[in-house]
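Asker: Supplied structure: target00.txt, compact mmCIF, C-alpha atoms.
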# COMPACT_ATOMS: atom_id res chain seq x y z
CA MET A 822 -15.61 -15.68 6.41
CA THR A 823 -13.64 -12.57 7.28
CA ALA A 824 -9.98 -12.98 6.36
CA ILE A 825 -8.63 -10.48 8.89
CA ARG A 826 -10.53 -8.91 11.77
CA VAL A 827 -8.90 -6.16 13.82
CA SER A 828 -10.95 -5.06 16.83
CA GLY A 829 -10.01 -2.17 19.12
CA VAL A 830 -6.27 -2.65 18.70
CA THR A 831 -4.04 -0.25 20.63
CA LYS A 832 -0.27 -0.43 20.77
CA ARG A 833 1.92 1.89 22.82
CA TYR A 834 5.69 2.21 23.02
CA GLY A 835 6.22 4.21 26.19
CA SER A 836 4.54 7.57 25.66
CA LEU A 837 4.11 6.94 21.92
CA THR A 838 0.79 5.53 20.77
CA ALA A 839 1.56 3.66 17.55
CA LEU A 840 -2.02 2.39 17.11
CA ASP A 841 -5.08 3.91 18.72
CA SER A 842 -8.21 1.68 18.92
CA VAL A 843 -7.97 0.47 15.32
CA ASP A 844 -10.97 -1.40 13.92
CA LEU A 845 -11.07 -2.87 10.42
CA GLU A 846 -12.05 -6.02 8.58
CA VAL A 847 -10.66 -7.51 5.37
CA GLU A 848 -13.06 -9.81 3.58
CA ARG A 849 -12.00 -13.17 2.20
CA GLY A 850 -10.81 -12.89 -1.43
CA GLU A 851 -10.41 -9.11 -1.22
CA PHE A 852 -7.51 -7.05 -2.55
CA PHE A 853 -7.15 -4.54 0.29
CA GLY A 854 -4.88 -1.49 0.54
CA LEU A 855 -3.40 -0.18 3.79
CA LEU A 856 -1.99 3.29 3.17
CA GLY A 857 -0.48 6.05 5.25
CA PRO A 858 2.59 8.25 5.66
CA ASN A 859 5.74 7.01 7.39
CA GLY A 860 5.03 6.49 11.08
CA ALA A 861 1.28 6.04 10.58
CA GLY A 862 1.33 2.58 12.19
CA LYS A 863 1.06 0.33 9.11
CA THR A 864 4.06 -1.89 9.88
CA THR A 865 3.10 -2.08 13.57
CA LEU A 866 -0.36 -3.30 12.59
CA ILE A 867 1.11 -5.87 10.20
CA SER A 868 3.50 -7.06 12.91
CA ILE A 869 0.56 -7.56 15.29
CA ILE A 870 -1.39 -9.46 12.60
CA ALA A 871 1.68 -11.66 12.01
CA GLY A 872 2.12 -12.33 15.73
CA LEU A 873 5.49 -10.59 15.92
CA VAL A 874 4.22 -7.84 18.23
CA ARG A 875 1.63 -8.00 21.03
CA ALA A 876 -1.03 -5.33 21.20
CA ASN A 877 -1.67 -3.59 24.52
CA SER A 878 -5.39 -4.10 23.99
CA GLY A 879 -7.79 -5.39 21.37
CA THR A 880 -7.89 -8.59 19.34
CA VAL A 881 -6.81 -9.75 15.88
CA ALA A 882 -7.95 -12.87 14.03
CA VAL A 883 -6.73 -14.33 10.72
CA MET A 884 -9.22 -16.63 8.99
CA GLY A 885 -11.10 -16.84 12.28
CA HIS A 886 -8.00 -17.78 14.32
CA ASP A 887 -6.94 -15.46 17.13
CA VAL A 888 -3.29 -14.50 16.59
CA VAL A 889 -2.52 -14.98 20.31
CA ASP A 890 -4.76 -17.82 21.51
CA ASP A 891 -4.64 -19.82 18.25
CA TYR A 892 -1.35 -18.57 16.87
CA ARG A 893 -0.33 -21.76 15.06
CA ALA A 894 -3.41 -21.80 12.84
CA ALA A 895 -3.26 -18.02 12.40
CA ARG A 896 0.35 -18.11 11.19
CA LEU A 897 -0.35 -21.06 8.91
CA SER A 898 -3.06 -18.95 7.26
CA LEU A 899 -0.75 -15.99 6.65
CA GLY A 900 2.18 -15.14 4.40
CA VAL A 901 4.01 -11.85 4.96
CA VAL A 902 6.48 -10.09 2.68
CA PRO A 903 8.39 -7.69 5.00
CA GLN A 904 9.95 -4.36 4.06
CA GLU A 905 13.44 -5.37 5.18
CA LEU A 906 15.69 -7.68 3.18
CA ALA A 907 16.33 -10.58 5.59
CA PHE A 908 17.96 -13.77 4.33
CA ASP A 909 20.28 -16.61 5.32
CA PRO A 910 23.59 -16.14 3.45
CA PHE A 911 24.50 -19.84 3.58
CA PHE A 912 21.62 -21.19 1.45
CA THR A 913 20.73 -21.16 -2.22
CA VAL A 914 17.38 -19.82 -3.36
CA ARG A 915 15.86 -23.29 -3.64
CA GLU A 916 17.25 -24.38 -0.26
CA THR A 917 15.74 -21.28 1.31
CA LEU A 918 12.30 -22.21 -0.01
CA VAL A 919 12.66 -25.87 0.94
CA PHE A 920 13.54 -24.91 4.53
CA GLN A 921 10.65 -22.43 4.58
CA SER A 922 8.32 -25.22 3.47
CA GLY A 923 9.61 -27.38 6.30
CA TYR A 924 8.70 -24.74 8.86
CA PHE A 925 5.07 -25.30 7.84
CA GLY A 926 5.33 -29.09 7.78
CA LEU A 927 5.43 -29.39 3.97
CA THR A 928 7.86 -32.13 2.95
CA ASN A 929 6.82 -32.67 -0.69
CA ASN A 930 6.47 -29.14 -2.03
CA ARG A 931 8.83 -29.20 -5.03
CA ALA A 932 6.18 -28.67 -7.73
CA TRP A 933 4.80 -25.53 -6.06
CA ILE A 934 8.31 -24.22 -5.36
CA ASP A 935 9.14 -24.62 -9.05
CA GLU A 936 5.95 -22.79 -10.01
CA VAL A 937 6.66 -19.92 -7.63
CA LEU A 938 10.25 -19.65 -8.91
CA ALA A 939 9.03 -19.54 -12.50
CA ASN A 940 6.34 -16.94 -11.85
CA LEU A 941 8.77 -14.66 -10.02
CA GLY A 942 11.54 -14.99 -12.59
CA LEU A 943 13.82 -16.91 -10.23
CA SER A 944 14.18 -20.25 -12.03
CA SER A 945 17.58 -19.37 -13.48
CA ARG A 946 18.84 -18.38 -10.02
CA ALA A 947 17.38 -21.31 -8.09
CA ASP A 948 20.82 -22.76 -7.31
CA SER A 949 22.52 -19.41 -6.66
CA ASN A 950 23.62 -18.52 -3.16
CA MET A 951 21.50 -15.79 -1.58
CA ARG A 952 24.59 -13.61 -1.14
CA ALA A 953 25.10 -13.54 -4.92
CA LEU A 954 21.70 -12.00 -5.65
CA SER A 955 20.94 -8.36 -6.35
CA GLY A 956 18.62 -6.45 -4.03
CA GLY A 957 15.71 -6.90 -6.45
CA MET A 958 16.32 -10.65 -6.68
CA LYS A 959 16.48 -10.94 -2.90
CA ARG A 960 13.12 -9.20 -2.69
CA ARG A 961 11.68 -11.74 -5.13
CA VAL A 962 12.86 -14.51 -2.82
CA LEU A 963 11.08 -12.82 0.11
CA VAL A 964 7.88 -12.90 -1.92
CA ALA A 965 8.48 -16.58 -2.74
CA GLN A 966 9.02 -17.39 0.95
CA ALA A 967 5.69 -15.79 1.85
CA LEU A 968 3.90 -17.86 -0.80
CA VAL A 969 5.65 -21.20 -0.33
CA HIS A 970 2.96 -22.68 1.96
CA LYS A 971 0.05 -21.36 -0.16
CA PRO A 972 -1.45 -19.17 2.58
CA PRO A 973 -5.02 -17.96 2.05
CA VAL A 974 -4.00 -14.47 3.27
CA ILE A 975 -0.95 -12.67 1.84
CA VAL A 976 0.38 -9.39 3.27
CA LEU A 977 2.74 -7.37 1.07
CA ASP A 978 4.53 -4.64 3.03
CA GLU A 979 6.13 -2.30 0.47
CA PRO A 980 6.94 -5.21 -1.88
CA THR A 981 8.12 -3.04 -4.80
CA ALA A 982 10.15 -0.47 -2.87
CA GLY A 983 13.34 0.20 -4.82
CA VAL A 984 12.83 -2.53 -7.41
CA ASP A 985 12.81 -2.38 -11.20
CA VAL A 986 9.81 -2.15 -13.50
CA GLU A 987 10.22 -5.76 -14.67
CA LEU A 988 9.83 -7.13 -11.15
CA ARG A 989 6.80 -4.95 -10.51
CA GLN A 990 5.04 -6.21 -13.62
CA THR A 991 5.99 -9.85 -12.91
CA LEU A 992 4.96 -9.61 -9.27
CA TRP A 993 1.61 -7.94 -9.91
CA ALA A 994 0.70 -10.41 -12.64
CA PHE A 995 1.32 -13.30 -10.23
CA VAL A 996 -0.43 -11.62 -7.29
CA ARG A 997 -3.47 -10.80 -9.44
CA ARG A 998 -3.63 -14.45 -10.42
CA LEU A 999 -3.47 -15.54 -6.76
CA ASN A 1000 -6.24 -13.07 -5.92
CA ARG A 1001 -8.42 -14.43 -8.75
CA GLU A 1002 -7.86 -17.92 -7.33
CA GLY A 1003 -9.28 -16.78 -3.97
CA HIS A 1004 -6.27 -15.56 -1.98
CA THR A 1005 -6.80 -12.44 0.12
CA ILE A 1006 -4.18 -9.75 -0.53
CA VAL A 1007 -3.29 -6.90 1.81
CA LEU A 1008 -0.95 -4.31 0.32
CA THR A 1009 0.93 -1.40 1.83
CA THR A 1010 2.73 0.85 -0.63
CA HIS A 1011 3.86 4.43 -1.16
CA TYR A 1012 3.22 3.98 -4.91
CA LEU A 1013 -0.39 5.10 -4.80
CA GLU A 1014 -0.95 4.37 -8.49
CA GLU A 1015 -0.40 0.70 -7.62
CA ALA A 1016 -3.01 0.83 -4.87
CA GLN A 1017 -5.47 2.61 -7.15
CA ALA A 1018 -5.04 0.01 -9.90
CA LEU A 1019 -5.06 -3.07 -7.67
CA CYS A 1020 -7.11 -2.53 -4.51
CA GLN A 1021 -10.86 -2.92 -4.19
CA ARG A 1022 -10.98 -1.23 -0.77
CA ILE A 1023 -8.50 1.00 1.03
CA ALA A 1024 -7.88 2.01 4.64
CA MET A 1025 -5.82 5.12 5.30
CA LEU A 1026 -3.95 5.52 8.59
CA LYS A 1027 -2.47 8.61 10.18
CA SER A 1028 -0.91 8.84 13.63
CA GLY A 1029 -2.15 5.36 14.52
CA SER A 1030 -5.80 5.93 13.62
CA VAL A 1031 -7.92 4.94 10.63
CA ILE A 1032 -9.02 8.20 8.99
CA ALA A 1033 -10.64 6.68 5.89
CA LEU A 1034 -11.97 3.23 4.99
CA ASP A 1035 -13.95 2.76 1.81
CA THR A 1036 -13.94 1.34 -1.69
CA THR A 1037 -11.35 2.81 -4.04
CA ARG A 1038 -14.13 4.17 -6.24
CA ALA A 1039 -15.80 5.93 -3.32
CA LEU A 1040 -12.52 7.46 -2.16
CA LEU A 1041 -11.80 8.77 -5.65
CA SER A 1042 -15.21 10.45 -5.68
CA HIS A 1043 -14.14 12.34 -2.52
CA ILE A 1044 -12.62 15.00 -4.79
CA GLU A 1045 -15.02 16.07 -7.52
CA GLY A 1046 -14.36 18.03 -10.69
CA VAL A 1047 -11.24 17.97 -12.84
CA GLN A 1048 -7.60 18.65 -12.17
CA MET A 1049 -5.53 20.83 -14.50
CA ILE A 1050 -1.74 21.09 -14.38
CA VAL A 1051 -0.41 24.18 -16.15
CA ARG A 1052 3.15 25.18 -16.92
CA ALA A 1053 3.17 28.74 -18.24
CA ARG A 1054 5.50 31.52 -19.29
CA GLY A 1055 4.41 34.67 -17.50
CA VAL A 1056 2.17 35.30 -14.50
CA LEU A 1057 -1.17 33.52 -14.39
CA PRO A 1058 -4.11 35.91 -13.93
CA PRO A 1059 -5.96 36.08 -10.58
CA SER A 1060 -9.05 34.47 -12.14
CA VAL A 1061 -6.94 31.36 -12.75
CA LEU A 1062 -4.90 31.40 -9.55
CA VAL A 1063 -8.08 31.28 -7.48
CA HIS A 1064 -8.30 27.60 -8.50
CA ARG A 1065 -4.72 26.82 -7.43
CA ILE A 1066 -4.29 23.94 -4.97
CA ASP A 1067 -0.65 22.96 -5.37
CA GLU A 1068 2.63 23.48 -7.21
CA ARG A 1069 4.72 20.64 -8.66
CA ASP A 1070 8.13 21.19 -10.23
CA GLY A 1071 7.26 24.69 -11.36
CA ALA A 1072 3.81 23.74 -12.68
CA ILE A 1073 0.60 25.03 -11.10
CA VAL A 1074 -2.09 22.51 -10.13
CA LEU A 1075 -5.66 23.79 -10.46
CA ARG A 1076 -8.89 22.13 -9.36
CA LEU A 1077 -11.89 23.04 -11.51
CA ALA A 1078 -15.55 22.32 -10.86
CA GLN A 1079 -16.34 20.99 -14.34
CA PRO A 1080 -14.66 20.27 -17.69
CA ALA A 1081 -16.12 23.42 -19.25
CA ASP A 1082 -13.94 25.49 -16.90
CA VAL A 1083 -10.81 24.35 -18.77
CA GLY A 1084 -11.73 26.52 -21.76
CA ARG A 1085 -12.32 29.52 -19.51
CA VAL A 1086 -8.91 29.11 -17.89
CA LEU A 1087 -7.19 28.97 -21.28
CA ALA A 1088 -9.12 32.03 -22.47
CA ASP A 1089 -8.19 34.00 -19.32
CA CYS A 1090 -4.51 33.06 -19.77
CA ALA A 1091 -4.56 34.16 -23.41
CA ALA A 1092 -6.23 37.45 -22.51
CA ALA A 1093 -3.54 38.10 -19.89
CA GLY A 1094 -0.76 37.40 -22.39
CA CYS A 1095 0.31 34.29 -20.48
CA GLU A 1096 1.79 31.63 -22.79
CA ILE A 1097 0.94 28.00 -21.93
CA GLU A 1098 4.02 25.77 -22.33
CA ASP A 1099 2.54 22.52 -21.05
CA LEU A 1100 -0.93 21.37 -20.07
CA GLU A 1101 -2.40 18.25 -18.50
CA VAL A 1102 -6.06 17.68 -17.68
CA GLY A 1103 -7.52 14.71 -15.81
CA ARG A 1104 -9.59 13.50 -12.91
CA ALA A 1105 -8.22 13.50 -9.38
CA ASP A 1106 -6.28 10.34 -8.58
CA LEU A 1107 -5.66 8.49 -5.32
CA GLU A 1108 -2.62 10.63 -4.54
CA ASP A 1109 -4.81 13.75 -4.58
CA VAL A 1110 -7.36 12.06 -2.30
CA PHE A 1111 -4.59 10.88 0.04
CA LEU A 1112 -3.01 14.34 0.32
CA GLN A 1113 -6.40 15.98 0.89
CA LEU A 1114 -7.41 13.53 3.64
CA MET A 1115 -4.04 13.87 5.37
CA ALA A 1116 -4.31 17.66 5.22
CA ASP A 1117 -7.87 17.56 6.59
CA ARG A 1118 -6.70 15.34 9.46
CA ALA A 1119 -3.77 17.65 10.24
CA GLU A 1120 -6.12 20.63 10.30
CA SER A 1121 -8.59 18.86 12.62
CA GLU A 1122 -5.71 18.05 15.00
CA ARG A 1123 -4.42 21.63 14.87
CA ILE A 1124 -7.71 23.30 15.77
CA PRO A 1125 -8.23 21.52 19.15
CA ALA A 1126 -4.59 22.23 20.00
CA LEU A 1127 -5.14 25.94 19.35
CA ALA A 1128 -8.32 25.87 21.40
CA THR A 1129 -6.48 24.58 24.45
CA ALA A 1130 -3.41 26.79 24.05
Starting from the file, lay out its structure as structure tokens.

Answerer:
Amino acid sequence: MTAIRVSGVTKRYGSLTALDSVDLEVERGEFFGLLGPNGAGKTTLISIIAGLVRANSGTVAVMGHDVVDDYRAARLSLGVVPQELAFDPFFTVRETLVFQSGYFGLTNNRAWIDEVLANLGLSSRADSNMRALSGGMKRRVLVAQALVHKPPVIVLDEPTAGVDVELRQTLWAFVRRLNREGHTIVLTTHYLEEAQALCQRIAMLKSGSVIALDTTRALLSHIEGVQMIVRARGVLPPSVLVHRIDERDGAIVLRLAQPADVGRVLADCAAAGCEIEDLEVGRADLEDVFLQLMADRAESERIPALATA
């Protein structure tokens, strides 16, 4: 069974088209990444999946349940961790989760609540008022709320934004476990190394449209060769600069066709009297693929605009 099916979804806010005929499917048990720059439409799509926003056209189903026509079953199948920190300041952590359980008709959920608290490092704060928690602890409670009814589909919208390393490691260990147990995970994040490490497939959005949808491995193969980051004293020779694709904090990023080209670059630098201060060599990562696809999309949008000018 498909966990999430999005078919021809368009959402407009006045003259702004937030989503433009989006089609995608997330398979049951998959760890799926939804990536894109700010304003790409990720949160709008999640809001439509969660039933918080109505699409102008198209359909969405969660575990086979239409989010409009069969919204009760669809929402029961879904747990969403939102970007924003939203909480009731009058309840303790445990009371928050007990009330959340009640919303889904669960009256004897203490054992699972205790397990969620333990796995998210919240046991010691279970009886603390929500107002007394740090921002990172509040975010842990949001994750717990999304999991309290054991939904088969879990959507994490920027779950680690602004949180410490400990929470990230704790959260990902628990989420990986849930995924192994059969839960479908959908992740949006600006930390692309997380998406690369966790997600089996990835969709990339820009300006409300899906511009890439493939396995993580296939996307990484989009950019072939090796990447070389060089920090040098002196001017790099033209034979080296021809491979330049970017500059990061004073270092030059080169893309080379094959590993053997690394030796040639170093030899050309030495011959030009250019002293290498720092060097890093590796394969292209998901961030490189993301930036390249976004740049390709921007160029394809620019050319028609020039043609009609």

Asker: Any idea what's packed within 10 Å of segment 914-921 of chain A, counting all atoms listed in the file, ignoring anything in its chain fewer than 2 positions away? Could you give it as a VMD selection string?

Answerer: chain A and resid 908 to 912 923 to 931 934 to 935 937 to 938 943 to 944 946 to 952 954 958 to 959 962 to 963 965 to 970

Asker: Next, dump the selected residues to file, keeping only C-alpha atoms, as a PDB file, in the frame of the given file.

Answerer:
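Written output follows (selection_13.pdb):
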ATOM      1  CA  PHE A 908      17.960 -13.770   4.330  1.00  0.00           C
ATOM      2  CA  ASP A 909      20.280 -16.610   5.320  1.00  0.00           C
ATOM      3  CA  PRO A 910      23.590 -16.140   3.450  1.00  0.00           C
ATOM      4  CA  PHE A 911      24.500 -19.840   3.580  1.00  0.00           C
ATOM      5  CA  PHE A 912      21.620 -21.190   1.450  1.00  0.00           C
ATOM      6  CA  GLY A 923       9.610 -27.380   6.300  1.00  0.00           C
ATOM      7  CA  TYR A 924       8.700 -24.740   8.860  1.00  0.00           C
ATOM      8  CA  PHE A 925       5.070 -25.300   7.840  1.00  0.00           C
ATOM      9  CA  GLY A 926       5.330 -29.090   7.780  1.00  0.00           C
ATOM     10  CA  LEU A 927       5.430 -29.390   3.970  1.00  0.00           C
ATOM     11  CA  THR A 928       7.860 -32.130   2.950  1.00  0.00           C
ATOM     12  CA  ASN A 929       6.820 -32.670  -0.690  1.00  0.00           C
ATOM     13  CA  ASN A 930       6.470 -29.140  -2.030  1.00  0.00           C
ATOM     14  CA  ARG A 931       8.830 -29.200  -5.030  1.00  0.00           C
ATOM     15  CA  ILE A 934       8.310 -24.220  -5.360  1.00  0.00           C
ATOM     16  CA  ASP A 935       9.140 -24.620  -9.050  1.00  0.00           C
ATOM     17  CA  VAL A 937       6.660 -19.920  -7.630  1.00  0.00           C
ATOM     18  CA  LEU A 938      10.250 -19.650  -8.910  1.00  0.00           C
ATOM     19  CA  LEU A 943      13.820 -16.910 -10.230  1.00  0.00           C
ATOM     20  CA  SER A 944      14.180 -20.250 -12.030  1.00  0.00           C
ATOM     21  CA  ARG A 946      18.840 -18.380 -10.020  1.00  0.00           C
ATOM     22  CA  ALA A 947      17.380 -21.310  -8.090  1.00  0.00           C
ATOM     23  CA  ASP A 948      20.820 -22.760  -7.310  1.00  0.00           C
ATOM     24  CA  SER A 949      22.520 -19.410  -6.660  1.00  0.00           C
ATOM     25  CA  ASN A 950      23.620 -18.520  -3.160  1.00  0.00           C
ATOM     26  CA  MET A 951      21.500 -15.790  -1.580  1.00  0.00           C
ATOM     27  CA  ARG A 952      24.590 -13.610  -1.140  1.00  0.00           C
ATOM     28  CA  LEU A 954      21.700 -12.000  -5.650  1.00  0.00           C
ATOM     29  CA  MET A 958      16.320 -10.650  -6.680  1.00  0.00           C
ATOM     30  CA  LYS A 959      16.480 -10.940  -2.900  1.00  0.00           C
ATOM     31  CA  VAL A 962      12.860 -14.510  -2.820  1.00  0.00           C
ATOM     32  CA  LEU A 963      11.080 -12.820   0.110  1.00  0.00           C
ATOM     33  CA  ALA A 965       8.480 -16.580  -2.740  1.00  0.00           C
ATOM     34  CA  GLN A 966       9.020 -17.390   0.950  1.00  0.00           C
ATOM     35  CA  ALA A 967       5.690 -15.790   1.850  1.00  0.00           C
ATOM     36  CA  LEU A 968       3.900 -17.860  -0.800  1.00  0.00           C
ATOM     37  CA  VAL A 969       5.650 -21.200  -0.330  1.00  0.00           C
ATOM     38  CA  HIS A 970       2.960 -22.680   1.960  1.00  0.00           C
TER      39      HIS A 970
END

Asker: May I ask for the distance between atom CA of Gly1071 of chain A and atom CA of Asp1117 of chain A, given in Å to one decimal place?

Answerer: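 Computing the Euclidean distance for atom CA of Gly1071 of chain A and atom CA of Asp1117 of chain A yields 24.5 Å.
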
Asker: For each of A:Val889, A:Met1049, A:Met1025, A:Val1056, take the minimum atom-to-atom distance to Pro858 of chain A, counting only C-alpha atoms, then give the residue where this is smallest.

Answerer: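 Counting only C-alpha atoms, the residue closest to Pro858 of chain A is A:Met1025.
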
Asker: Tell me which protein, DNA and RNA residues are within 8 Å of Ile1050 of chain A, counting all atoms listed in the file, leaving out same-chain ones fewer than 6 positions away, and put them as a PyMOL selection string.

Answerer: chain A and resi 1072-1075+1100-1102

Asker: Rounded to one decimal place, report the atom CA of Arg1076 of chain A-atom CA of Gln1048 of chain A distance in Å.

Answerer: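 Computed distance, atom CA of Arg1076 of chain A to atom CA of Gln1048 of chain A, equals 4.7 Å.
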
Asker: When you look at Val976 of chain A with a cut-off of 8 Å (counting all atoms listed in the file), what residues show up, excluding the ones that are within fewer than 5 positions of it in the same chain? I need them as a ChimeraX atom specification.

Answerer: /A:867,899-902,1006-1008

Asker: Please dump the current selection as a PDB file, in the frame of the given file; keep C-alpha atoms.

Answerer:
ATOM      1  CA  ILE A 867       1.110  -5.870  10.200  1.00  0.00           C
ATOM      2  CA  LEU A 899      -0.750 -15.990   6.650  1.00  0.00           C
ATOM      3  CA  GLY A 900       2.180 -15.140   4.400  1.00  0.00           C
ATOM      4  CA  VAL A 901       4.010 -11.850   4.960  1.00  0.00           C
ATOM      5  CA  VAL A 902       6.480 -10.090   2.680  1.00  0.00           C
ATOM      6  CA  ILE A1006      -4.180  -9.750  -0.530  1.00  0.00           C
ATOM      7  CA  VAL A1007      -3.290  -6.900   1.810  1.00  0.00           C
ATOM      8  CA  LEU A1008      -0.950  -4.310   0.320  1.00  0.00           C
TER       9      LEU A1008
END

Asker: Using all atoms listed in the file, find the one residue out of A:Gln990, A:Ser878, A:Thr864, A:Ser922 that sits nearest to Leu1026 of chain A.

Answerer: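 The shortest atom-to-atom distance to Leu1026 of chain A comes from A:Thr864.
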
Asker: What is the distance between atom CA of Val830 of chain A and atom CA of Ser1030 of chain A, in Å to one decimal?

Answerer: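 Those two atoms sit 10.0 Å apart.
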
Asker: Set out as a tab-separated table a contact list for segment 1001-1058 of chain A and segment 1086-1090 of chain A with a cut-off of 10 Å, giving each residue of segment 1001-1058 of chain A that qualifies its closest atom pair and distance in Å to one decimal, counting only C-alpha atoms, ordered by chain and rising residue number.

Answerer:
residue	atom	partner	partner_atom	distance
A:Met1049	CA	A:Val1086	CA	9.6
A:Val1051	CA	A:Leu1087	CA	9.8
A:Ala1053	CA	A:Cys1090	CA	8.9
A:Gly1055	CA	A:Cys1090	CA	9.3
A:Val1056	CA	A:Cys1090	CA	8.8
A:Leu1057	CA	A:Cys1090	CA	6.3
A:Pro1058	CA	A:Cys1090	CA	6.5

Asker: Show me, as a compact mmCIF listing (two decimals) with C-alpha atoms, keeping the file's coordinate frame, the residues that have an atom within 10 Å of Arg833 of chain A when counting only C-alpha atoms, minus same-chain residues fewer than 3 positions from it.

Answerer:
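Written out: selection-v5.txt:
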# COMPACT_ATOMS: atom_id res chain seq x y z
CA SER A 836 4.54 7.57 25.66
CA LEU A 837 4.11 6.94 21.92
CA THR A 838 0.79 5.53 20.77
CA ALA A 839 1.56 3.66 17.55
CA LEU A 840 -2.02 2.39 17.11
CA ASP A 841 -5.08 3.91 18.72
CA ALA A 876 -1.03 -5.33 21.20
CA ASN A 877 -1.67 -3.59 24.52
CA SER A 878 -5.39 -4.10 23.99
CA GLY A 1029 -2.15 5.36 14.52

Asker: Using only C-alpha atoms for the distances, tell me which of A:Arg875, A:Gly1046, A:Arg1085, A:Leu1062 is nearest to Gly1103 of chain A.

Answerer: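 Once distances to Gly1103 of chain A are computed over only C-alpha atoms, the minimum belongs to A:Gly1046.
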
Asker: Nearest residue to Ser945 of chain A out of A:Leu856, A:Val827, A:Thr913, A:Asp887, using all atoms listed in the file?

Answerer: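 Of all the options, A:Thr913 lies closest to Ser945 of chain A.
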
Asker: Would you mind completing segment 1077-1093 of chain A to N, CA and C atoms and writing the output as a tab-separated table (two decimals), in the coordinates of the input?

Answerer:
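For reference, result22.tsv as written:
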chain	number	residue	atom	x	y	z
A	1077	LEU	N	-10.76	22.37	-10.87
A	1077	LEU	CA	-11.89	23.04	-11.51
A	1077	LEU	C	-13.17	22.25	-11.26
A	1078	ALA	N	-14.27	22.96	-11.20
A	1078	ALA	CA	-15.55	22.32	-10.86
A	1078	ALA	C	-16.06	21.42	-11.96
A	1079	GLN	N	-15.80	21.77	-13.22
A	1079	GLN	CA	-16.34	20.99	-14.34
A	1079	GLN	C	-15.44	21.14	-15.56
A	1080	PRO	N	-15.53	20.21	-16.52
A	1080	PRO	CA	-14.66	20.27	-17.69
A	1080	PRO	C	-14.76	21.56	-18.48
A	1081	ALA	N	-15.94	22.17	-18.50
A	1081	ALA	CA	-16.12	23.42	-19.25
A	1081	ALA	C	-15.23	24.54	-18.75
A	1082	ASP	N	-14.79	24.44	-17.47
A	1082	ASP	CA	-13.94	25.49	-16.90
A	1082	ASP	C	-12.54	25.49	-17.51
A	1083	VAL	N	-12.14	24.40	-18.15
A	1083	VAL	CA	-10.81	24.35	-18.77
A	1083	VAL	C	-10.70	25.41	-19.86
A	1084	GLY	N	-11.74	25.51	-20.70
A	1084	GLY	CA	-11.73	26.52	-21.76
A	1084	GLY	C	-11.65	27.93	-21.22
A	1085	ARG	N	-12.34	28.18	-20.10
A	1085	ARG	CA	-12.32	29.52	-19.51
A	1085	ARG	C	-10.92	29.86	-18.99
A	1086	VAL	N	-10.26	28.88	-18.38
A	1086	VAL	CA	-8.91	29.11	-17.89
A	1086	VAL	C	-7.97	29.46	-19.03
A	1087	LEU	N	-8.06	28.71	-20.13
A	1087	LEU	CA	-7.19	28.97	-21.28
A	1087	LEU	C	-7.48	30.35	-21.87
A	1088	ALA	N	-8.76	30.71	-21.93
A	1088	ALA	CA	-9.12	32.03	-22.47
A	1088	ALA	C	-8.60	33.15	-21.58
A	1089	ASP	N	-8.69	32.98	-20.25
A	1089	ASP	CA	-8.19	34.00	-19.32
A	1089	ASP	C	-6.67	34.14	-19.44
A	1090	CYS	N	-5.97	33.00	-19.61
A	1090	CYS	CA	-4.51	33.06	-19.77
A	1090	CYS	C	-4.13	33.79	-21.05
A	1091	ALA	N	-4.84	33.50	-22.15
A	1091	ALA	CA	-4.56	34.16	-23.41
A	1091	ALA	C	-4.81	35.66	-23.32
A	1092	ALA	N	-5.90	36.02	-22.65
A	1092	ALA	CA	-6.23	37.45	-22.51
A	1092	ALA	C	-5.20	38.19	-21.68
A	1093	ALA	N	-4.56	37.48	-20.75
A	1093	ALA	CA	-3.54	38.10	-19.89
A	1093	ALA	C	-2.15	38.05	-20.53
